[in-house]
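As stored in entry.tsv (TSV, C-alpha atoms):
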```tsv
chain	number	residue	atom	x	y	z
R	1	MET	CA	43.10	-21.94	-13.70
R	2	SER	CA	40.76	-20.57	-11.04
R	3	PRO	CA	42.28	-18.28	-8.37
R	4	GLY	CA	42.65	-19.54	-4.83
R	5	VAL	CA	41.23	-17.79	-1.82
R	6	ASP	CA	44.59	-16.20	-0.97
R	7	GLU	CA	44.77	-14.64	-4.43
R	8	LEU	CA	41.20	-13.38	-4.18
R	9	LEU	CA	41.83	-11.84	-0.76
R	10	ALA	CA	44.99	-10.16	-2.06
R	11	LYS	CA	43.00	-8.02	-4.51
R	12	ARG	CA	39.59	-6.41	-4.80
R	13	ILE	CA	36.63	-8.66	-5.53
R	14	HIS	CA	35.32	-7.22	-8.79
R	15	ALA	CA	31.81	-8.62	-8.30
R	16	ILE	CA	31.34	-6.55	-5.13
R	17	ASP	CA	32.36	-3.30	-6.83
R	18	VAL	CA	30.20	-4.06	-9.88
R	19	MET	CA	27.09	-4.88	-7.83
R	20	ARG	CA	27.65	-1.86	-5.60
R	21	GLY	CA	27.94	0.27	-8.73
R	22	VAL	CA	24.73	-1.19	-10.17
R	23	ALA	CA	22.96	-0.40	-6.89
R	24	ILE	CA	24.18	3.22	-6.91
R	25	MET	CA	23.23	3.72	-10.56
R	26	ILE	CA	19.72	2.39	-9.94
R	27	MET	CA	19.36	4.56	-6.84
R	28	VAL	CA	20.44	7.73	-8.67
R	29	TRP	CA	18.13	6.92	-11.58
R	30	VAL	CA	15.17	6.32	-9.26
R	31	HIS	CA	15.78	9.49	-7.22
R	32	PHE	CA	15.94	11.63	-10.35
R	33	MET	CA	12.78	9.97	-11.65
R	34	MET	CA	11.10	10.76	-8.32
R	35	PHE	CA	12.03	14.40	-8.78
R	36	PHE	CA	10.67	14.45	-12.34
R	37	SER	CA	7.50	12.64	-11.29
R	38	HIS	CA	6.78	15.50	-8.86
R	39	HIS	CA	7.60	18.34	-11.24
R	40	ALA	CA	6.73	17.10	-14.70
R	41	LEU	CA	3.70	15.78	-16.54
R	42	PHE	CA	4.52	12.62	-18.45
R	43	LEU	CA	2.51	11.81	-21.52
R	44	ASP	CA	2.17	8.65	-23.67
R	45	ILE	CA	4.77	5.93	-23.04
R	46	SER	CA	7.07	8.26	-21.08
R	47	ASP	CA	4.83	7.75	-18.04
R	48	TYR	CA	5.62	4.03	-18.07
R	49	ILE	CA	9.36	4.72	-18.36
R	50	VAL	CA	9.44	6.99	-15.31
R	51	HIS	CA	7.08	5.09	-13.05
R	52	GLY	CA	8.53	1.79	-14.21
R	53	ALA	CA	11.80	2.92	-12.65
R	54	LEU	CA	10.05	3.61	-9.36
R	55	THR	CA	8.01	0.40	-9.20
R	56	HIS	CA	10.28	-2.20	-10.81
R	57	ALA	CA	13.93	-1.11	-10.49
R	58	GLY	CA	13.70	1.06	-7.38
R	59	PRO	CA	13.00	-1.65	-4.78
R	60	PHE	CA	16.22	-3.56	-5.57
R	61	SER	CA	18.80	-0.80	-5.19
R	62	ALA	CA	19.07	-0.76	-1.38
R	63	PRO	CA	19.09	-4.59	-0.92
R	64	PHE	CA	21.90	-4.85	-3.49
R	65	PHE	CA	23.89	-2.30	-1.51
R	66	TYR	CA	23.22	-3.88	1.91
R	67	ILE	CA	24.21	-7.36	0.72
R	68	MET	CA	27.41	-5.98	-0.83
R	69	SER	CA	28.10	-4.24	2.49
R	70	GLY	CA	27.93	-7.61	4.26
R	71	MET	CA	30.22	-9.16	1.63
R	72	SER	CA	32.74	-6.31	1.92
R	73	LEU	CA	32.76	-6.63	5.70
R	74	THR	CA	33.52	-10.35	5.45
R	75	ILE	CA	36.29	-9.95	2.88
R	76	ALA	CA	37.93	-7.07	4.79
R	77	THR	CA	37.83	-9.04	8.06
R	78	LYS	CA	39.37	-12.11	6.46
R	79	ARG	CA	42.14	-10.00	4.94
R	80	ARG	CA	43.04	-8.55	8.32
R	81	ARG	CA	42.94	-11.94	10.01
R	82	ALA	CA	45.21	-13.33	7.27
R	83	LYS	CA	47.71	-10.61	8.22
R	84	ASN	CA	47.52	-11.79	11.88
R	85	ILE	CA	46.00	-8.51	13.02
R	86	ASN	CA	44.68	-8.70	16.57
R	87	GLY	CA	40.95	-9.44	16.82
R	88	LYS	CA	40.41	-6.49	19.15
R	89	ARG	CA	41.98	-4.12	16.60
R	90	ILE	CA	39.75	-5.52	13.86
R	91	ARG	CA	36.66	-5.02	16.03
R	92	ASN	CA	37.64	-1.45	16.92
R	93	HIS	CA	38.28	-0.71	13.25
R	94	VAL	CA	34.81	-1.94	12.25
R	95	ILE	CA	33.14	0.05	15.04
R	96	LYS	CA	35.07	3.17	14.05
R	97	ARG	CA	34.22	2.75	10.37
R	98	GLY	CA	30.53	2.15	11.16
R	99	ALA	CA	30.46	5.29	13.28
R	100	LEU	CA	32.06	7.29	10.47
R	101	VAL	CA	29.44	6.06	8.00
R	102	ILE	CA	26.74	7.23	10.42
R	103	LEU	CA	28.45	10.63	10.59
R	104	PHE	CA	28.48	10.79	6.79
R	105	GLY	CA	24.77	10.00	6.99
R	106	TYR	CA	24.26	13.07	9.15
R	107	LEU	CA	26.30	15.13	6.69
R	108	PHE	CA	23.92	14.11	3.94
R	109	SER	CA	20.92	14.67	6.24
R	110	PHE	CA	22.19	18.19	6.94
R	111	ILE	CA	22.12	18.94	3.22
R	112	ARG	CA	18.82	17.26	2.49
R	113	VAL	CA	16.73	17.74	5.64
R	114	PHE	CA	18.06	20.51	7.84
R	115	TRP	CA	19.55	22.93	5.34
R	116	ILE	CA	17.12	22.59	2.43
R	117	PHE	CA	13.69	21.56	3.65
R	118	ARG	CA	13.46	22.49	7.35
R	119	PRO	CA	16.03	25.18	8.19
R	120	ASP	CA	14.46	25.75	11.61
R	121	SER	CA	14.09	22.15	12.79
R	122	ILE	CA	17.39	21.05	14.31
R	123	ILE	CA	15.51	18.33	16.21
R	124	ASN	CA	14.34	16.69	12.99
R	125	PHE	CA	17.94	16.72	11.81
R	126	LEU	CA	19.28	15.08	14.97
R	127	PHE	CA	16.53	12.46	15.03
R	128	PHE	CA	16.62	11.68	11.33
R	129	TRP	CA	17.66	8.13	10.41
R	130	ASP	CA	18.22	7.05	6.82
R	131	LEU	CA	20.20	4.69	4.58
R	132	LEU	CA	23.76	5.66	5.55
R	133	HIS	CA	22.94	5.76	9.26
R	134	SER	CA	21.43	2.29	8.92
R	135	LEU	CA	24.40	0.92	6.97
R	136	GLY	CA	26.84	2.16	9.58
R	137	LEU	CA	24.93	0.57	12.46
R	138	LEU	CA	24.34	-2.72	10.63
R	139	MET	CA	28.03	-2.92	9.74
R	140	ILE	CA	28.81	-2.99	13.47
R	141	LEU	CA	26.01	-5.40	14.42
R	142	THR	CA	26.75	-7.79	11.55
R	143	PHE	CA	30.44	-7.96	12.47
R	144	PHE	CA	29.55	-9.79	15.67
R	145	CYS	CA	27.74	-12.45	13.61
R	146	LEU	CA	30.92	-13.40	11.72
R	147	LYS	CA	32.03	-15.69	14.54
R	148	LEU	CA	28.90	-17.80	14.04
R	149	SER	CA	28.70	-20.68	11.57
R	150	ILE	CA	26.83	-20.21	8.30
R	151	ARG	CA	24.09	-22.52	9.59
R	152	LYS	CA	23.52	-20.35	12.66
R	153	ARG	CA	23.52	-17.19	10.56
R	154	LEU	CA	20.91	-18.71	8.26
R	155	ILE	CA	18.76	-19.47	11.30
R	156	ILE	CA	19.12	-15.87	12.52
R	157	LEU	CA	18.29	-14.59	9.03
R	158	GLY	CA	15.14	-16.73	8.92
R	159	ALA	CA	14.14	-15.59	12.41
R	160	ILE	CA	14.55	-11.90	11.46
R	161	ILE	CA	12.45	-12.24	8.31
R	162	GLY	CA	9.91	-14.28	10.29
R	163	ALA	CA	9.73	-11.45	12.84
R	164	THR	CA	9.25	-9.05	9.94
R	165	PHE	CA	6.27	-11.08	8.80
R	166	LEU	CA	4.71	-11.08	12.28
R	167	ILE	CA	5.35	-7.40	12.93
R	168	GLY	CA	3.65	-6.51	9.66
R	169	TYR	CA	0.53	-8.46	10.56
R	170	ILE	CA	0.17	-7.73	14.29
R	171	PRO	CA	-1.66	-4.41	13.61
R	172	LEU	CA	-4.51	-6.42	12.05
R	173	LEU	CA	-5.36	-7.45	15.61
R	174	PHE	CA	-5.74	-3.77	16.51
R	175	GLY	CA	-8.09	-2.88	13.68
R	176	ALA	CA	-5.67	-2.10	10.86
R	177	PRO	CA	-7.36	-2.57	7.46
R	178	GLU	CA	-4.32	-4.26	5.89
R	179	PRO	CA	-0.79	-5.50	6.72
R	180	THR	CA	1.67	-2.69	7.34
R	181	ASN	CA	5.00	-1.72	5.89
R	182	THR	CA	8.12	-2.41	7.99
R	183	LEU	CA	10.63	-1.65	5.23
R	184	PHE	CA	10.63	2.15	5.28
R	185	TYR	CA	9.18	4.97	7.33
R	186	LEU	CA	5.66	4.46	6.05
R	187	TRP	CA	4.49	2.32	8.90
R	188	GLU	CA	0.88	3.35	9.37
R	189	GLY	CA	0.43	0.52	11.88
R	190	VAL	CA	1.92	2.71	14.61
R	191	ASP	CA	-1.36	4.60	14.69
R	192	TYR	CA	-3.17	1.39	15.59
R	193	TYR	CA	-0.90	0.75	18.56
R	194	TYR	CA	-1.05	4.27	19.94
R	195	GLU	CA	-4.18	6.35	19.63
R	196	LYS	CA	-4.10	9.40	17.39
R	197	ASN	CA	-0.41	9.23	16.55
R	198	LEU	CA	0.83	9.21	20.14
R	199	TRP	CA	4.43	8.73	19.02
R	200	SER	CA	4.97	12.07	17.30
R	201	TRP	CA	7.16	15.15	17.34
R	202	THR	CA	4.38	17.06	19.12
R	203	PHE	CA	5.43	15.49	22.41
R	204	LEU	CA	8.72	17.36	22.20
R	205	ILE	CA	6.78	20.61	22.41
R	206	GLN	CA	5.04	19.26	25.50
R	207	GLY	CA	8.42	18.55	27.05
R	208	ASN	CA	8.41	14.75	26.76
R	209	ILE	CA	11.93	14.31	25.39
R	210	GLY	CA	12.08	10.77	26.81
R	211	LEU	CA	9.21	9.62	24.63
R	212	LEU	CA	10.87	11.20	21.59
R	213	ILE	CA	14.07	9.23	22.27
R	214	ILE	CA	12.09	6.00	22.66
R	215	ASP	CA	10.36	6.70	19.37
R	216	PHE	CA	13.72	7.35	17.70
R	217	LEU	CA	15.11	4.03	18.97
R	218	MET	CA	12.01	2.22	17.73
R	219	GLN	CA	12.51	3.84	14.33
R	220	ILE	CA	16.08	2.52	14.24
R	221	PHE	CA	15.16	-1.04	15.16
R	222	TRP	CA	11.57	-1.44	14.05
R	223	TYR	CA	9.62	0.93	11.86
R	224	GLY	CA	11.83	3.79	10.64
R	225	ASN	CA	13.85	4.23	7.44
R	226	TYR	CA	15.75	0.97	6.79
R	227	PRO	CA	15.23	-0.40	10.34
R	228	VAL	CA	17.42	-3.15	11.79
R	229	ILE	CA	14.48	-5.54	11.40
R	230	PRO	CA	14.46	-6.63	8.56
R	231	TRP	CA	17.42	-4.90	6.88
R	232	ILE	CA	20.08	-6.70	8.88
R	233	SER	CA	18.92	-9.87	7.11
R	234	PHE	CA	20.54	-8.50	3.93
R	235	THR	CA	23.92	-7.74	5.51
R	236	ILE	CA	23.95	-11.11	7.28
R	237	PHE	CA	23.24	-12.87	4.02
R	238	GLY	CA	26.05	-10.85	2.44
R	239	THR	CA	28.48	-12.47	4.91
R	240	ILE	CA	27.09	-15.91	4.03
R	241	LEU	CA	27.37	-15.29	0.29
R	242	ALA	CA	30.96	-14.03	0.59
R	243	GLU	CA	32.09	-17.04	2.60
R	244	THR	CA	30.34	-19.41	0.19
R	245	LEU	CA	32.07	-17.85	-2.82
R	246	LEU	CA	35.49	-17.95	-1.12
R	247	LYS	CA	35.00	-21.52	0.10
R	248	TYR	CA	34.48	-22.92	-3.38
R	249	ALA	CA	37.10	-20.64	-4.91
R	250	GLU	CA	39.65	-22.08	-2.48
R	251	ILE	CA	39.13	-25.62	-3.81
R	252	GLY	CA	38.49	-24.51	-7.39
R	253	ASP	CA	35.10	-26.23	-7.50
R	254	ASP	CA	33.03	-24.10	-9.88
R	255	LEU	CA	30.40	-26.83	-10.31
R	256	GLY	CA	29.96	-27.16	-6.55
R	257	LEU	CA	29.63	-23.38	-6.27
R	258	ALA	CA	26.95	-23.33	-8.96
R	259	LYS	CA	25.01	-26.09	-7.17
R	260	LYS	CA	25.18	-24.27	-3.83
R	261	ILE	CA	24.01	-21.00	-5.40
R	262	ILE	CA	21.11	-22.76	-7.12
R	263	GLN	CA	20.21	-24.37	-3.81
R	264	TYR	CA	20.15	-21.01	-2.04
R	265	CYS	CA	18.08	-19.42	-4.81
R	266	LEU	CA	15.51	-22.21	-4.94
R	267	VAL	CA	15.03	-22.16	-1.16
R	268	PHE	CA	14.69	-18.37	-0.91
R	269	LEU	CA	12.51	-18.08	-4.02
R	270	GLY	CA	10.33	-20.90	-2.72
R	271	LEU	CA	9.91	-19.14	0.63
R	272	ALA	CA	9.11	-15.83	-1.11
R	273	THR	CA	6.47	-17.52	-3.26
R	274	LEU	CA	4.96	-19.44	-0.34
R	275	ILE	CA	4.64	-16.34	1.87
R	276	PHE	CA	3.21	-14.31	-1.00
R	277	PHE	CA	0.42	-16.80	-1.67
R	278	LEU	CA	-0.27	-17.44	2.02
R	279	THR	CA	-0.76	-13.74	2.67
R	280	ASN	CA	-3.11	-13.48	-0.31
R	281	ILE	CA	-2.10	-9.91	-1.19
R	282	PRO	CA	-4.52	-8.43	-3.77
R	283	LEU	CA	-2.87	-7.27	-6.99
R	284	THR	CA	-4.36	-4.25	-8.74
R	285	ASN	CA	-1.71	-4.67	-11.44
R	286	PRO	CA	-0.31	-8.17	-12.23
R	287	TRP	CA	3.11	-6.64	-13.05
R	288	ILE	CA	3.47	-4.68	-9.80
R	289	ILE	CA	3.86	-6.43	-6.45
R	290	PRO	CA	3.00	-4.23	-3.42
R	291	TRP	CA	6.19	-5.03	-1.52
R	292	GLU	CA	5.16	-2.77	1.37
R	293	LEU	CA	2.33	-5.18	2.17
R	294	THR	CA	4.52	-8.27	2.16
R	295	PRO	CA	8.03	-7.32	3.39
R	296	ALA	CA	9.01	-10.93	4.14
R	297	THR	CA	8.42	-11.81	0.48
R	298	TYR	CA	10.43	-8.75	-0.48
R	299	CYS	CA	13.42	-9.85	1.62
R	300	PHE	CA	13.56	-13.39	0.26
R	301	PHE	CA	13.00	-12.27	-3.34
R	302	CYS	CA	15.70	-9.56	-3.20
R	303	ILE	CA	18.17	-12.03	-1.70
R	304	THR	CA	17.45	-14.42	-4.58
R	305	ILE	CA	17.93	-11.80	-7.29
R	306	THR	CA	21.12	-10.43	-5.72
R	307	THR	CA	22.58	-13.92	-5.32
R	308	LEU	CA	22.03	-14.75	-8.99
R	309	PHE	CA	23.56	-11.53	-10.29
R	310	THR	CA	26.52	-11.62	-7.89
R	311	PHE	CA	27.28	-15.24	-8.71
R	312	GLY	CA	27.15	-14.54	-12.44
R	313	ILE	CA	29.59	-11.63	-12.19
R	314	PHE	CA	31.89	-13.40	-9.69
R	315	TRP	CA	32.02	-16.58	-11.76
R	316	THR	CA	32.82	-14.65	-14.95
R	317	TYR	CA	35.03	-11.84	-13.69
R	318	ASP	CA	36.75	-13.18	-10.53
R	319	PHE	CA	36.53	-16.98	-10.69
R	320	LYS	CA	37.15	-17.62	-14.41
R	321	ARG	CA	39.02	-14.33	-14.88
R	322	ARG	CA	37.32	-13.57	-18.16
R	323	PRO	CA	37.62	-10.01	-19.55
R	324	GLY	CA	35.23	-7.79	-17.61
R	325	TRP	CA	35.16	-4.67	-19.77
R	326	ILE	CA	31.36	-4.84	-19.97
R	327	PHE	CA	31.24	-4.38	-16.18
R	328	SER	CA	33.80	-1.55	-16.07
R	329	PRO	CA	31.33	1.40	-15.94
R	330	ALA	CA	29.50	-0.09	-12.94
R	331	GLU	CA	32.80	-1.09	-11.32
R	332	HIS	CA	34.16	2.46	-11.50
R	333	VAL	CA	30.96	3.78	-9.93
R	334	GLY	CA	31.11	1.06	-7.26
R	335	ARG	CA	34.49	2.36	-6.09
R	336	ILE	CA	33.09	5.80	-5.11
R	337	PRO	CA	29.54	5.13	-3.81
R	338	LEU	CA	29.60	7.69	-0.98
R	339	THR	CA	30.81	10.39	-3.33
R	340	ILE	CA	28.08	9.77	-5.88
R	341	TYR	CA	25.49	9.48	-3.10
R	342	LEU	CA	26.40	12.96	-1.85
R	343	VAL	CA	26.80	14.54	-5.30
R	344	HIS	CA	23.42	13.35	-6.55
R	345	GLY	CA	21.81	14.60	-3.33
R	346	VAL	CA	23.30	18.06	-3.88
R	347	ILE	CA	22.17	18.13	-7.52
R	348	ILE	CA	18.60	17.10	-6.72
R	349	GLY	CA	18.17	18.74	-3.33
R	350	ILE	CA	19.94	22.05	-3.93
R	351	ILE	CA	20.24	22.75	-7.65
R	352	LEU	CA	17.08	21.22	-9.14
R	353	GLU	CA	14.81	21.94	-6.17
R	354	GLY	CA	16.23	25.45	-5.97
R	355	ILE	CA	15.55	26.10	-9.65
R	356	ASN	CA	12.04	24.71	-9.25
R	357	LYS	CA	11.31	27.07	-6.35
R	358	ILE	CA	12.37	30.04	-8.47
R	359	PHE	CA	10.61	28.79	-11.62
R	360	PRO	CA	7.74	26.54	-10.45
R	361	ILE	CA	6.78	25.21	-13.87
R	362	LYS	CA	5.03	21.91	-14.56
R	363	TYR	CA	6.98	20.48	-17.44
R	364	GLN	CA	5.47	18.24	-20.10
R	365	LEU	CA	7.60	15.40	-21.37
R	366	TYR	CA	6.78	13.20	-24.34
R	367	PHE	CA	8.54	10.17	-25.72
R	368	PRO	CA	11.39	10.19	-26.72
R	369	MET	CA	12.10	13.46	-24.84
R	370	VAL	CA	11.95	11.56	-21.56
R	371	LEU	CA	14.96	9.50	-22.66
R	372	ILE	CA	17.14	12.62	-22.58
R	373	PRO	CA	17.26	12.99	-18.77
R	374	VAL	CA	17.49	9.21	-18.38
R	375	CYS	CA	20.55	9.04	-20.67
R	376	LEU	CA	22.13	12.11	-19.08
R	377	ILE	CA	21.81	10.50	-15.63
R	378	PHE	CA	23.61	7.31	-16.64
R	379	ILE	CA	26.24	9.16	-18.69
R	380	GLY	CA	26.90	11.58	-15.82
R	381	VAL	CA	27.28	8.85	-13.19
R	382	THR	CA	29.46	6.70	-15.45
R	383	LEU	CA	31.63	9.66	-16.40
R	384	LEU	CA	32.11	10.60	-12.75
R	385	GLY	CA	33.29	7.07	-11.95
R	386	TYR	CA	35.62	6.98	-14.97
R	387	ILE	CA	37.21	10.35	-14.16
R	388	TRP	CA	38.01	9.24	-10.62
R	389	SER	CA	39.43	5.95	-11.92
R	390	LEU	CA	42.07	7.96	-13.80
R	391	ASN	CA	43.22	9.30	-10.43
R	392	GLU	CA	43.15	5.83	-8.82
R	393	TYR	CA	39.97	6.83	-6.93
R	394	LYS	CA	41.79	9.33	-4.71
R	395	TYR	CA	40.48	12.53	-3.11
R	396	ASN	CA	36.80	11.68	-2.75
R	397	LEU	CA	34.58	10.85	0.21
R	398	ASP	CA	35.26	7.11	-0.01
R	399	TRP	CA	39.01	7.72	-0.14
R	400	LEU	CA	38.71	10.13	2.80
R	401	LEU	CA	36.76	7.55	4.82
R	402	SER	CA	39.46	4.92	4.21
R	403	LYS	CA	42.18	7.38	5.28
R	404	ILE	CA	40.35	8.39	8.47
R	405	ASP	CA	39.67	4.87	9.68
```

Write-out of the structure in structure tokens:
Amino acid sequence: MSPGVDELLAKRIHAIDVMRGVAIMIMVWVHFMMFFSHHALFLDISDYIVHGALTHAGPFSAPFFYIMSGMSLTIATKRRRAKNINGKRIRNHVIKRGALVILFGYLFSFIRVFWIFRPDSIINFLFFWDLLHSLGLLMILTFFCLKLSIRKRLIILGAIIGATFLIGYIPLLFGAPEPTNTLFYLWEGVDYYYEKNLWSWTFLIQGNIGLLIIDFLMQIFWYGNYPVIPWISFTIFGTILAETLLKYAEIGDDLGLAKKIIQYCLVFLGLATLIFFLTNIPLTNPWIIPWELTPATYCFFCITITTLFTFGIFWTYDFKRRPGWIFSPAEHVGRIPLTIYLVHGVIIGIILEGINKIFPIKYQLYFPMVLIPVCLIFIGVTLLGYIWSLNEYKYNLDWLLSKID
């Protein structure tokens, strides 16, 4: 017998923890591979293993996490409403939690940016915006979309990705040689709007703090690391996906759920394909899509992939309640994402980078030697999640965040 929505809300949704764990494991793998790609020389097939992580697996980690964030927000809100908690208290809780995530983002920035790389640039630390900062802000903004119907949220999602498409191509009107990236802080198109990098840190030296603040706000909403446009499209879709899964779980209609998921996937995959061919992006390698040149395609494609994987895990683990031991490693990791995010940053940013500064050696890695660090990464992350599961996931950053808010 399939569980009803009340039963699902009374416990954790396993699919969310598993997908969050998959996202964290991919992210850690990719970040370690980035470190090795800078400090090691890969020979024979090992080069494909390392750079394959960066080009094929890497782009999907953050969207997985953002969509799961939207799903978690929806589930948590429904749980509190089911307990007749006042709407104002729920809103204040979400705002407080989002602010705390932003503060954790600055904690990580302190380790990675201010302390390690630029010990004399407090301004760069204060005006640094990255994944955790973005997640905290989008958690708050997305909450106010929960009152809207799924249809209206789909319209907003389409409008945001449409704006992403236009923003990427507007610089062509100003002489840019190609569409520009609006996904991460690699947005060369800014130089075409403002001559000779007008929006830069150099204006702080000249005393123009106002312009620096404007630039910082534009980074948050437009062209920085994980800007609101288009990344809020992922969290909004997370709310839609969560409500869709709960709706069909409530009536026990697994066939109807499968049809709805297929419908979503066909529409989003069709839009991704249409935009990709309309933009006529040149491919230097048929197996590598330059997502930075077609961010709208990236958004629709990532939503499709995440929907398929989440549905598969939810249908097996939560809906049909089949044994989920195969998902257990990822589920353990998905319960402590903040902790692993900080730990892997310390290992890469402090320990490995510190060793490399003392012993700047260019390593040579052959196959199968390259598999050793890859295996150690996955074993280490999985072991960390399992150890904390023995303690019921207490006394870590994620536990601390839940206690504070």

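Pairwise distance (atom CA of Ile220 of chain R, atom CA of Trp129 of chain R) equals 7.0 Å.
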
For atom CA of Met34 of chain R and atom CA of Leu397 of chain R, the interatomic separation in Å (one decimal): 25.0 Å

Tell me, as an NGL selection string, which residues lie within 7 Å of segment 24-29 of chain R, counting all atoms listed in the file; anything in the same chain fewer than 6 positions away does not count. :R and (57-58 or 61 or 337 or 344 or 377)

Could you give me, as a VMD selection string, the residues within 10 Å of segment 308-313 of chain R, counting all atoms listed in the file and dropping anything in the same chain fewer than 4 positions from it? chain R and resid 14 to 16 18 to 19 64 67 to 68 241 to 242 245 257 to 258 261 to 262 264 to 265 303 to 304 317 to 320 322 324 327

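Taking atom CA of Val228 of chain R and atom CA of Thr142 of chain R as endpoints, the distance between them is 10.4 Å.
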
Neighbouring residues of Ile75 of chain R were defined as those with any atom within 12 Å, considering only C-alpha atoms; residues of the same chain fewer than 4 positions away were excluded. Please report them as a VMD selection string. chain R and resid 5 to 6 8 to 13 16 68 to 71 79 to 82 143 146 238 to 247

Can you pull out every residue within 12 Å of Leu384 of chain R, counting only C-alpha atoms, but drop anything in the same chain fewer than 2 positions away, and send it as a ChimeraX atom specification? /R:21,25,329-337,339-341,343-344,376-382,386-391,393,396

Can you list every residue of segment 63-95 of chain R that has an atom at most 12 Å from segment 100-105 of chain R, with its nearest atom pair and the distance in Å to one decimal, using all atoms listed in the file, ordered by chain then number, as CSV?
```
residue,atom,partner,partner_atom,distance
R:Ser69,CA,R:Val101,CA,11.8
R:His93,CA,R:Leu100,CA,10.5
R:Val94,CA,R:Leu100,CA,9.8
R:Ile95,CA,R:Leu100,CA,8.6
```

One residue among R:Ile358, R:Trp325, R:Val346, R:Leu338 is nearest to Arg20 of chain R when using only C-alpha atoms, and that residue is R:Leu338

Residues within 12 Å of Ala296 of chain R, all atoms listed in the file, excluding chain neighbours under 6 positions, as a PyMOL selection string: chain R and resi 157-169+179-183+229-231+233-234+268-269+271-279+290+302-303
